[in-house]
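Coordinates from my_file.cif are shown below (mmCIF, C-alpha atoms and all ligand atoms).
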data_input
loop_
_atom_site.label_atom_id
_atom_site.label_comp_id
_atom_site.auth_asym_id
_atom_site.auth_seq_id
_atom_site.Cartn_x
_atom_site.Cartn_y
_atom_site.Cartn_z
CA MET D 1 71.42 23.06 -39.06
CA ALA D 2 69.09 20.52 -37.41
CA LYS D 3 69.73 16.87 -38.25
CA ARG D 4 67.21 15.02 -40.39
CA LEU D 5 65.41 12.33 -38.38
CA LEU D 6 63.05 9.75 -39.85
CA ILE D 7 60.63 7.87 -37.58
CA THR D 8 58.87 4.70 -38.69
CA GLY D 9 55.72 3.37 -37.03
CA ALA D 10 54.64 6.91 -36.05
CA GLU D 11 51.02 5.80 -35.53
CA GLY D 12 52.14 3.37 -32.80
CA GLN D 13 52.43 4.00 -29.08
CA LEU D 14 56.16 4.76 -29.09
CA GLY D 15 56.45 6.31 -32.55
CA LYS D 16 53.80 8.93 -31.75
CA ALA D 17 55.51 9.88 -28.48
CA ILE D 18 58.89 10.15 -30.19
CA GLN D 19 57.47 12.42 -32.88
CA PHE D 20 55.94 14.64 -30.22
CA GLN D 21 59.10 14.90 -28.09
CA PHE D 22 61.68 15.17 -30.87
CA ALA D 23 59.78 17.57 -33.16
CA GLU D 24 61.52 20.74 -32.02
CA LYS D 25 65.02 19.33 -31.95
CA TYR D 26 65.24 17.72 -35.39
CA GLU D 27 64.08 18.20 -38.96
CA LEU D 28 61.64 15.38 -38.65
CA LEU D 29 59.84 13.10 -41.08
CA ALA D 30 57.23 10.91 -39.37
CA THR D 31 56.05 7.86 -41.31
CA ALA D 32 53.48 5.13 -40.69
CA ARG D 33 52.21 2.09 -42.57
CA LYS D 34 48.70 3.53 -42.93
CA PRO D 35 48.51 7.02 -41.47
CA SER D 36 45.01 8.14 -40.52
CA SER D 37 43.70 11.29 -42.18
CA ALA D 38 44.09 13.09 -38.80
CA ALA D 39 47.76 12.02 -38.58
CA LYS D 40 48.36 13.18 -42.17
CA LYS D 41 46.73 16.55 -41.53
CA LYS D 42 47.75 17.37 -37.96
CA ARG D 43 51.15 15.67 -37.67
CA ASN D 44 52.23 15.53 -41.33
CA VAL D 45 52.69 11.76 -41.13
CA ILE D 46 53.37 10.20 -44.52
CA SER D 47 52.85 6.64 -45.64
CA LEU D 48 55.78 4.22 -45.41
CA ASP D 49 55.52 0.44 -45.24
CA ILE D 50 59.03 -0.58 -44.17
CA ALA D 51 58.56 -4.00 -45.76
CA ASN D 52 58.10 -2.39 -49.17
CA ARG D 53 61.61 -2.06 -50.62
CA SER D 54 60.82 0.39 -53.41
CA THR D 55 58.93 2.80 -51.12
CA VAL D 56 61.73 2.67 -48.53
CA ASN D 57 64.25 3.30 -51.32
CA SER D 58 62.41 6.34 -52.67
CA ILE D 59 61.55 7.96 -49.29
CA LEU D 60 65.01 7.44 -47.80
CA GLY D 61 66.66 8.50 -51.07
CA GLU D 62 64.75 11.77 -51.06
CA PHE D 63 64.87 12.65 -47.33
CA LYS D 64 68.40 11.29 -46.66
CA PRO D 65 67.97 11.00 -42.86
CA HIS D 66 70.98 11.38 -40.56
CA ILE D 67 69.10 9.28 -37.99
CA ILE D 68 66.36 6.66 -38.34
CA ILE D 69 64.35 5.55 -35.31
CA ASN D 70 62.61 2.31 -36.21
CA CYS D 71 59.47 2.03 -34.07
CA ALA D 72 57.60 0.02 -36.71
CA ALA D 73 56.99 -3.61 -35.83
CA TYR D 74 54.44 -6.35 -35.97
CA THR D 75 53.91 -6.36 -32.20
CA ASN D 76 51.08 -8.87 -31.80
CA VAL D 77 52.98 -11.71 -30.12
CA ASP D 78 50.40 -14.40 -30.92
CA GLY D 79 49.88 -12.95 -34.41
CA CYS D 80 53.62 -13.37 -35.05
CA GLU D 81 53.37 -17.05 -34.08
CA ILE D 82 50.53 -17.58 -36.55
CA GLN D 83 51.73 -15.28 -39.37
CA LYS D 84 55.45 -15.98 -39.33
CA ASP D 85 56.08 -14.66 -42.85
CA LYS D 86 54.47 -11.34 -42.05
CA ALA D 87 56.36 -11.13 -38.73
CA HIS D 88 59.68 -11.76 -40.47
CA ASP D 89 58.88 -9.39 -43.30
CA VAL D 90 58.12 -6.46 -41.00
CA ASN D 91 60.40 -7.10 -38.02
CA VAL D 92 63.49 -8.30 -39.91
CA ASN D 93 63.24 -7.43 -43.61
CA GLY D 94 61.79 -4.00 -42.76
CA LEU D 95 64.94 -3.14 -40.82
CA ARG D 96 67.08 -4.68 -43.59
CA ASN D 97 65.47 -2.24 -46.06
CA LEU D 98 66.15 0.72 -43.77
CA ILE D 99 69.79 -0.33 -43.48
CA GLN D 100 70.20 -0.96 -47.20
CA PHE D 101 68.61 2.24 -48.48
CA SER D 102 69.99 4.73 -45.92
CA GLU D 103 73.26 6.64 -46.21
CA LYS D 104 76.18 4.64 -44.84
CA ASP D 105 76.91 7.21 -42.11
CA ALA D 106 73.28 7.42 -40.91
CA CYS D 107 72.67 6.21 -37.35
CA ILE D 108 69.97 3.56 -36.95
CA VAL D 109 68.06 3.30 -33.70
CA GLN D 110 66.24 -0.01 -33.36
CA ILE D 111 63.59 -0.72 -30.75
CA SER D 112 63.74 -4.19 -29.30
CA SER D 113 62.27 -6.19 -26.47
CA ASP D 114 62.92 -8.31 -23.37
CA TYR D 115 61.36 -11.11 -25.46
CA VAL D 116 64.86 -11.79 -26.83
CA PHE D 117 65.42 -13.59 -23.48
CA ASN D 118 63.87 -16.91 -22.40
CA GLY D 119 62.54 -15.52 -19.10
CA LYS D 120 63.89 -18.33 -16.95
CA ASP D 121 66.21 -16.23 -14.79
CA GLY D 122 65.52 -12.52 -15.26
CA PRO D 123 66.05 -9.66 -14.76
CA TYR D 124 68.58 -9.41 -17.54
CA ALA D 125 71.58 -7.20 -18.26
CA GLU D 126 72.52 -6.17 -21.81
CA THR D 127 75.33 -8.72 -21.82
CA ASP D 128 73.16 -11.69 -20.80
CA HIS D 129 72.61 -14.62 -23.10
CA THR D 130 69.64 -14.25 -25.45
CA PHE D 131 67.31 -17.14 -26.24
CA PRO D 132 63.82 -16.20 -27.46
CA VAL D 133 60.98 -18.61 -26.72
CA ASN D 134 58.51 -17.35 -29.33
CA TYR D 135 58.59 -16.20 -32.94
CA TYR D 136 58.10 -12.51 -32.12
CA GLY D 137 61.21 -12.69 -29.88
CA LYS D 138 63.11 -14.53 -32.60
CA THR D 139 62.39 -11.78 -35.14
CA LYS D 140 63.39 -9.07 -32.65
CA LEU D 141 66.69 -10.86 -31.97
CA GLU D 142 67.34 -11.48 -35.66
CA ALA D 143 66.81 -7.78 -36.31
CA GLU D 144 69.24 -6.85 -33.53
CA ASN D 145 71.85 -9.21 -34.96
CA LEU D 146 71.30 -7.87 -38.46
CA LEU D 147 71.95 -4.34 -37.25
CA ARG D 148 74.98 -5.35 -35.16
CA GLY D 149 76.45 -7.07 -38.19
CA ALA D 150 75.78 -4.20 -40.59
CA GLN D 151 78.75 -2.14 -39.40
CA ARG D 152 76.59 0.94 -39.01
CA LYS D 153 76.36 3.50 -36.21
CA HIS D 154 73.53 2.12 -34.14
CA LEU D 155 71.64 2.01 -30.89
CA ILE D 156 69.36 -0.81 -29.75
CA PHE D 157 66.86 -0.11 -26.97
CA ARG D 158 65.07 -2.97 -25.27
CA GLY D 159 61.89 -2.18 -23.36
CA ASN D 160 59.26 -4.36 -21.70
CA VAL D 161 55.50 -3.92 -21.24
CA LEU D 162 55.48 -0.38 -22.69
CA PHE D 163 52.78 1.80 -21.17
CA SER D 164 51.49 5.32 -21.61
CA GLU D 165 48.43 7.57 -21.43
CA ASP D 166 47.58 6.62 -25.05
CA LEU D 167 44.34 4.75 -24.36
CA PHE D 168 43.66 3.94 -28.01
CA CYS D 169 46.74 1.84 -28.47
CA LYS D 170 46.37 -1.94 -28.70
CA SER D 171 49.93 -2.63 -27.55
CA ASN D 172 49.48 -0.67 -24.27
CA PHE D 173 48.84 -3.04 -21.32
CA PHE D 174 47.93 -0.09 -19.08
CA ALA D 175 45.23 1.06 -21.55
CA TRP D 176 43.67 -2.41 -21.61
CA VAL D 177 43.49 -2.60 -17.81
CA TYR D 178 42.37 1.02 -17.36
CA THR D 179 39.62 0.99 -20.00
CA SER D 180 38.33 -2.44 -18.90
CA LEU D 181 38.00 -1.29 -15.28
CA LEU D 182 36.42 1.97 -16.39
CA LYS D 183 33.70 -0.10 -18.05
CA ASN D 184 33.44 -2.35 -14.95
CA LYS D 185 34.58 -5.27 -17.07
CA PRO D 186 36.20 -8.15 -15.11
CA ILE D 187 39.66 -9.13 -16.34
CA ALA D 188 41.89 -12.14 -15.73
CA VAL D 189 45.55 -11.15 -15.58
CA VAL D 190 48.55 -13.47 -15.53
CA ASP D 191 50.33 -13.66 -12.19
CA ASP D 192 53.38 -15.60 -13.38
CA GLN D 193 54.88 -13.19 -15.95
CA VAL D 194 57.25 -10.79 -14.23
CA SER D 195 58.75 -7.63 -15.75
CA ASN D 196 59.61 -4.00 -14.92
CA PRO D 197 57.24 -2.05 -17.22
CA THR D 198 58.69 0.75 -19.35
CA LEU D 199 56.88 4.09 -19.20
CA ILE D 200 56.87 5.51 -22.72
CA SER D 201 57.97 9.02 -21.66
CA GLU D 202 60.98 7.47 -19.84
CA PHE D 203 61.77 5.39 -22.92
CA VAL D 204 61.69 8.48 -25.14
CA LYS D 205 63.89 10.38 -22.67
CA ALA D 206 66.40 7.52 -22.54
CA ILE D 207 66.57 7.37 -26.34
CA PHE D 208 67.02 11.13 -26.62
CA GLN D 209 69.72 11.36 -23.93
CA ALA D 210 71.62 8.38 -25.30
CA MET D 211 71.58 9.98 -28.76
CA VAL D 212 72.72 13.36 -27.46
CA MET D 213 75.49 11.73 -25.43
CA LYS D 214 76.57 9.80 -28.54
CA CYS D 215 76.15 6.39 -26.92
CA GLU D 216 76.29 3.28 -29.06
CA GLY D 217 75.22 -0.34 -28.49
CA VAL D 218 72.41 -1.99 -26.54
CA PHE D 219 70.50 -0.41 -23.65
CA HIS D 220 67.72 -1.65 -21.39
CA VAL D 221 64.96 0.67 -20.17
CA GLY D 222 62.35 -0.21 -17.54
CA SER D 223 61.12 0.84 -14.12
CA GLU D 224 62.89 0.31 -10.83
CA ASP D 225 60.78 -2.56 -9.49
CA PHE D 226 59.84 -5.97 -10.83
CA LEU D 227 56.25 -7.19 -10.66
CA SER D 228 53.81 -9.60 -12.26
CA ARG D 229 51.21 -8.32 -14.70
CA TYR D 230 48.58 -9.13 -12.06
CA GLU D 231 50.38 -6.96 -9.49
CA PHE D 232 50.77 -4.22 -12.10
CA ALA D 233 47.03 -4.34 -12.85
CA LEU D 234 46.22 -4.12 -9.11
CA ASN D 235 48.55 -1.09 -8.81
CA ILE D 236 46.74 0.56 -11.71
CA ALA D 237 43.36 -0.03 -10.07
CA LYS D 238 44.56 1.26 -6.67
CA ASN D 239 46.22 4.37 -8.14
CA PHE D 240 43.18 5.26 -10.22
CA LYS D 241 40.76 4.35 -7.41
CA MET D 242 39.09 1.64 -9.45
CA ASP D 243 37.55 -1.65 -8.35
CA THR D 244 40.35 -4.15 -7.64
CA SER D 245 37.82 -6.99 -7.28
CA LEU D 246 37.33 -6.89 -11.06
CA ILE D 247 40.87 -8.26 -11.47
CA SER D 248 41.48 -11.95 -10.96
CA PRO D 249 44.82 -13.76 -11.17
CA VAL D 250 45.34 -16.48 -13.76
CA SER D 251 48.36 -18.57 -14.68
CA THR D 252 49.83 -18.40 -18.19
CA ALA D 253 49.03 -22.10 -18.67
CA GLN D 254 45.39 -21.59 -17.67
CA LEU D 255 45.03 -18.49 -19.89
CA ALA D 256 46.33 -20.48 -22.86
CA LYS D 257 43.59 -23.07 -22.18
CA ASN D 258 40.91 -20.36 -21.92
CA ILE D 259 41.92 -18.32 -25.00
CA PRO D 260 42.46 -20.38 -28.18
CA ASN D 261 44.63 -17.77 -29.94
CA TYR D 262 46.95 -17.28 -26.93
CA VAL D 263 49.46 -19.50 -28.68
CA ALA D 264 52.91 -17.96 -28.17
CA GLU D 265 55.05 -19.08 -25.26
CA ARG D 266 55.89 -16.16 -22.92
CA PRO D 267 59.09 -15.44 -21.00
CA LYS D 268 57.95 -15.74 -17.36
CA HIS D 269 60.67 -14.37 -15.13
CA SER D 270 61.85 -11.51 -17.30
CA GLY D 271 62.65 -7.83 -16.68
CA LEU D 272 65.50 -5.58 -17.71
CA LYS D 273 68.36 -4.30 -15.57
CA THR D 274 68.78 -0.59 -16.19
CA THR D 275 72.18 0.26 -14.64
CA LYS D 276 73.84 0.80 -18.04
CA ILE D 277 71.39 3.41 -19.35
CA GLU D 278 71.33 5.17 -15.96
CA LYS D 279 75.11 5.46 -15.99
CA ASN D 280 75.64 6.26 -19.67
CA ALA D 281 72.71 8.58 -20.33
CA ASN D 282 72.48 10.20 -16.91
CA LEU D 283 69.00 8.86 -16.21
CA THR D 284 67.30 7.87 -12.95
CA VAL D 285 64.68 5.19 -13.40
CA GLN D 286 61.56 5.45 -11.23
CA SER D 287 59.24 2.93 -9.60
CA THR D 288 56.06 1.72 -11.34
CA GLU D 289 54.07 3.38 -8.56
CA TYR D 290 55.74 6.75 -9.25
CA ASN D 291 55.23 6.35 -13.01
CA LEU D 292 51.52 5.58 -12.52
CA LYS D 293 51.18 8.77 -10.48
CA ARG D 294 52.72 10.66 -13.41
CA LEU D 295 50.17 9.10 -15.78
CA LYS D 296 47.37 10.04 -13.41
CA ARG D 297 48.18 13.70 -13.91
CA LEU D 298 47.73 13.25 -17.68
CA LEU D 299 44.38 11.44 -17.64
N1 LIG D 301 54.25 -2.66 -26.56
C1 LIG D 301 55.11 -3.31 -25.79
O1 LIG D 301 54.76 -3.72 -24.67
C2 LIG D 301 56.53 -3.52 -26.24
C3 LIG D 301 57.43 -4.17 -25.36
C4 LIG D 301 58.76 -4.31 -25.74
C5 LIG D 301 59.20 -3.84 -26.95
N2 LIG D 301 58.31 -3.25 -27.81
C6 LIG D 301 58.83 -2.76 -29.10
O2 LIG D 301 58.69 -1.34 -29.10
C7 LIG D 301 58.46 -0.88 -30.45
C8 LIG D 301 57.24 0.03 -30.47
O3 LIG D 301 56.13 -0.70 -29.99
P1 LIG D 301 54.72 -0.03 -29.72
O4 LIG D 301 54.30 -0.42 -28.36
O5 LIG D 301 54.75 1.40 -30.10
O6 LIG D 301 53.85 -0.88 -30.74
P2 LIG D 301 52.62 -0.46 -31.66
O7 LIG D 301 51.78 0.55 -30.95
O8 LIG D 301 52.02 -1.73 -32.10
O9 LIG D 301 53.34 0.28 -32.86
C9 LIG D 301 53.97 -0.38 -33.91
C10 LIG D 301 53.60 0.33 -35.17
O10 LIG D 301 54.30 -0.28 -36.26
C11 LIG D 301 53.44 -0.22 -37.35
N3 LIG D 301 53.78 -1.16 -38.42
C12 LIG D 301 53.50 -2.48 -38.51
N4 LIG D 301 53.95 -2.97 -39.68
C13 LIG D 301 54.52 -1.94 -40.34
C14 LIG D 301 55.16 -1.80 -41.59
N5 LIG D 301 55.28 -2.84 -42.42
N6 LIG D 301 55.63 -0.58 -41.96
C15 LIG D 301 55.50 0.47 -41.14
N7 LIG D 301 54.89 0.41 -39.94
C16 LIG D 301 54.42 -0.78 -39.55
C17 LIG D 301 52.05 -0.51 -36.80
O11 LIG D 301 51.09 -0.04 -37.70
P3 LIG D 301 49.76 -0.91 -37.99
O12 LIG D 301 49.07 -1.03 -36.66
O13 LIG D 301 49.06 -0.07 -38.99
O14 LIG D 301 50.21 -2.22 -38.54
C18 LIG D 301 52.10 0.27 -35.49
O15 LIG D 301 51.59 1.57 -35.64
C19 LIG D 301 58.35 -2.14 -31.30
O16 LIG D 301 59.59 -2.40 -31.90
C20 LIG D 301 58.05 -3.24 -30.30
O17 LIG D 301 58.52 -4.49 -30.77
C21 LIG D 301 56.99 -3.06 -27.48
#
Turn the structure described in the file into structure tokens.
Ligand SMILES: NC(=O)c1ccc[n+]([C@@H]2O[C@H](COP(=O)([O-])OP(=O)(O)OC[C@H]3O[C@@H](n4cnc5c(N)ncnc54)[C@H](OP(=O)(O)O)[C@@H]3O)[C@@H](O)[C@H]2O)c1
Amino acid sequence: MAKRLLITGAEGQLGKAIQFQFAEKYELLATARKPSSAAKKKRNVISLDIANRSTVNSILGEFKPHIIINCAAYTNVDGCEIQKDKAHDVNVNGLRNLIQFSEKDACIVQISSDYVFNGKDGPYAETDHTFPVNYYGKTKLEAENLLRGAQRKHLIFRGNVLFSEDLFCKSNFFAWVYTSLLKNKPIAVVDDQVSNPTLISEFVKAIFQAMVMKCEGVFHVGSEDFLSRYEFALNIAKNFKMDTSLISPVSTAQLAKNIPNYVAERPKHSGLKTTKIEKNANLTVQSTEYNLKRLKRLL
């Protein structure tokens, strides 16, 4: 009998991809805060606000998932700085509700971020010291700690700069660059924030393989190479034969002066070392260049 798997945030970039990839292997219930009518009809997504205790109680009580993959989050980094209560409610209390109202032997898979680190001396291994520099990062770390302390079977996956062919997704850096260049819109991109972007399909594969291989604990997933967002944007333009002159470099400090709501501090020299997931889940991470070529075949 297939295991029952509940996905939260299934209208988001990662949640959608997980639903698509896991559908045949599990008895799956996809949930989202406000599913669109297309998602309700075509993907059977039902409504679940993870911050609403009574709804979480009734849906989990009825479905009794063996596994929960929590992709739901308030992911707007500046929004989290401004609306701290909302950020805490979704990113921390939402997970607390999932823990509290699920069966004690259910496995909880939490999606986290490189923003748990301060970005002074990345790339980081899973064992490195965490020290978030903004409120979004603080909520992601608090959620991790909550899960670690809950004495439940769990997996925590940290990704950075998630990207995919989903061009309608606000949290997809690739989509912002690609659609801006498509419209010949000039963009200023920070050249002092370094990471190793996580391709969504690789993230989904890592999560699946780690689950199948019964791994537990924290895992980092990203690409092989480390680059600034500016360099990433240039790579996108070159790979998709778009106009690189539309992209100009800007420092984080300058961007904060230019955009009034760019208020959250960012980890600068970040990135995630991936040796652990490669070893434990039999995965080979690829370069950003290679991953962009894979996306090109899909667009
Ligand atoms: N995107 C990145 O670059 C990045 C990097 C590192 C880690 N992560 C982590 O990866 C995970 C997935 O991110 P993503 O890129 O897929 O982000 P996303 O596209 O913003 O998806 C997050 C989803 O969560 C939903 N959500 C928000 N509040 C909710 C609530 N109270 N109940 C249920 N759902 C709620 C959002 O719905 P609404 O839009 O309707 O609110 C959205 O569909 C998150 O945990 C994020 O922190 C993301």
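The list of residues within 10 Å of (54.4, 3.9, -34.2), counted using all atoms listed in the file, is D:Ile7, D:Thr8, D:Gly9, D:Ala10, D:Glu11, D:Gly12, D:Gln13, D:Leu14, D:Gly15, D:Lys16, D:Ala17, D:Ile18, D:Gln19, D:Ala30, D:Thr31, D:Ala32, D:Arg33, D:Pro35, D:Asn70, D:Cys71, D:Ala72, D:Ala73, D:Cys169.
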Surrounding residues of Ile207 of chain D excluding itself and chain neighbours under 2 positions, 9 Å, all atoms listed in the file, as a list in words: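 Residues meeting the cut-off are Val109, Leu155, Phe157, Glu202, Phe203, Val204, Lys205, Gln209, Ala210, Met211, Val212 and Ala281 of chain D.
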Nearest-residue call for Ile82 of chain D, choices D:Phe226, D:Tyr135, D:Phe63, D:Phe219, using all atoms listed in the file: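 Under the stated criterion, the closest residue is D:Tyr135.
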Straight-line distance linking atom CA of Ile156 of chain D with atom CA of Leu272 of chain D, stated in Å to one decimal: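 Between these atoms lies a distance of 13.5 Å.
Proximity ranking of D:Ile68, D:Ile111, D:Leu295, D:Met242 relative to ligand LIG 301 (chain D) places D:Ile111 first, based on all atoms listed in the file.
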Two-atom distance - atom CA of Leu227 of chain D, atom O9 of ligand LIG 301 (chain D) (Å):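 Between atom CA of Leu227 of chain D and atom O9 of ligand LIG 301 (chain D) the gap is 23.6 Å.
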How would segment 209-232 of chain D read, as an mmCIF file, in the coordinates of the input, once N, CA and C atoms are built in?
data_model
loop_
_atom_site.group_PDB
_atom_site.id
_atom_site.type_symbol
_atom_site.label_atom_id
_atom_site.label_comp_id
_atom_site.auth_asym_id
_atom_site.auth_seq_id
_atom_site.Cartn_x
_atom_site.Cartn_y
_atom_site.Cartn_z
ATOM 1 N N GLN D 209 68.460 11.078 -24.648
ATOM 2 C CA GLN D 209 69.720 11.360 -23.930
ATOM 3 C C GLN D 209 70.866 10.499 -24.447
ATOM 4 N N ALA D 210 70.557 9.250 -24.773
ATOM 5 C CA ALA D 210 71.620 8.380 -25.300
ATOM 6 C C ALA D 210 72.108 8.903 -26.652
ATOM 7 N N MET D 211 71.184 9.436 -27.454
ATOM 8 C CA MET D 211 71.580 9.980 -28.760
ATOM 9 C C MET D 211 72.434 11.230 -28.577
ATOM 10 N N VAL D 212 71.991 12.111 -27.694
ATOM 11 C CA VAL D 212 72.720 13.360 -27.460
ATOM 12 C C VAL D 212 74.126 13.061 -26.913
ATOM 13 N N MET D 213 74.202 12.058 -26.050
ATOM 14 C CA MET D 213 75.490 11.730 -25.430
ATOM 15 C C MET D 213 76.320 10.773 -26.295
ATOM 16 N N LYS D 214 75.866 10.602 -27.531
ATOM 17 C CA LYS D 214 76.570 9.800 -28.540
ATOM 18 C C LYS D 214 76.912 8.388 -28.064
ATOM 19 N N CYS D 215 75.956 7.784 -27.348
ATOM 20 C CA CYS D 215 76.150 6.390 -26.920
ATOM 21 C C CYS D 215 75.968 5.483 -28.128
ATOM 22 N N GLU D 216 76.519 4.312 -28.036
ATOM 23 C CA GLU D 216 76.290 3.280 -29.060
ATOM 24 C C GLU D 216 76.082 1.932 -28.375
ATOM 25 N N GLY D 217 75.398 1.008 -29.040
ATOM 26 C CA GLY D 217 75.220 -0.340 -28.490
ATOM 27 C C GLY D 217 73.817 -0.575 -27.963
ATOM 28 N N VAL D 218 73.718 -1.550 -27.054
ATOM 29 C CA VAL D 218 72.410 -1.990 -26.540
ATOM 30 C C VAL D 218 72.130 -1.400 -25.162
ATOM 31 N N PHE D 219 70.894 -0.970 -24.945
ATOM 32 C CA PHE D 219 70.500 -0.410 -23.650
ATOM 33 C C PHE D 219 69.136 -0.952 -23.233
ATOM 34 N N HIS D 220 68.998 -1.213 -21.952
ATOM 35 C CA HIS D 220 67.720 -1.650 -21.390
ATOM 36 C C HIS D 220 67.037 -0.478 -20.679
ATOM 37 N N VAL D 221 65.719 -0.375 -20.864
ATOM 38 C CA VAL D 221 64.960 0.670 -20.170
ATOM 39 C C VAL D 221 63.715 0.046 -19.536
ATOM 40 N N GLY D 222 63.539 0.295 -18.240
ATOM 41 C CA GLY D 222 62.350 -0.210 -17.540
ATOM 42 C C GLY D 222 62.226 0.529 -16.222
ATOM 43 N N SER D 223 61.237 0.157 -15.420
ATOM 44 C CA SER D 223 61.120 0.840 -14.120
ATOM 45 C C SER D 223 61.991 0.151 -13.079
ATOM 46 N N GLU D 224 61.956 0.727 -11.876
ATOM 47 C CA GLU D 224 62.890 0.310 -10.830
ATOM 48 C C GLU D 224 62.546 -1.065 -10.237
ATOM 49 N N ASP D 225 61.243 -1.353 -10.180
ATOM 50 C CA ASP D 225 60.780 -2.560 -9.490
ATOM 51 C C ASP D 225 60.252 -3.610 -10.466
ATOM 52 N N PHE D 226 60.257 -4.846 -9.987
ATOM 53 C CA PHE D 226 59.840 -5.970 -10.830
ATOM 54 C C PHE D 226 58.535 -6.548 -10.272
ATOM 55 N N LEU D 227 57.546 -6.716 -11.142
ATOM 56 C CA LEU D 227 56.250 -7.190 -10.660
ATOM 57 C C LEU D 227 55.524 -7.985 -11.728
ATOM 58 N N SER D 228 54.582 -8.819 -11.285
ATOM 59 C CA SER D 228 53.810 -9.600 -12.260
ATOM 60 C C SER D 228 52.786 -8.689 -12.916
ATOM 61 N N ARG D 229 52.245 -9.127 -14.033
ATOM 62 C CA ARG D 229 51.210 -8.320 -14.700
ATOM 63 C C ARG D 229 49.990 -8.155 -13.792
ATOM 64 N N TYR D 230 49.709 -9.203 -13.004
ATOM 65 C CA TYR D 230 48.580 -9.130 -12.060
ATOM 66 C C TYR D 230 48.822 -8.024 -11.028
ATOM 67 N N GLU D 231 50.046 -8.006 -10.472
ATOM 68 C CA GLU D 231 50.380 -6.960 -9.490
ATOM 69 C C GLU D 231 50.336 -5.575 -10.128
ATOM 70 N N PHE D 232 50.786 -5.498 -11.381
ATOM 71 C CA PHE D 232 50.770 -4.220 -12.100
ATOM 72 C C PHE D 232 49.310 -3.753 -12.271
#
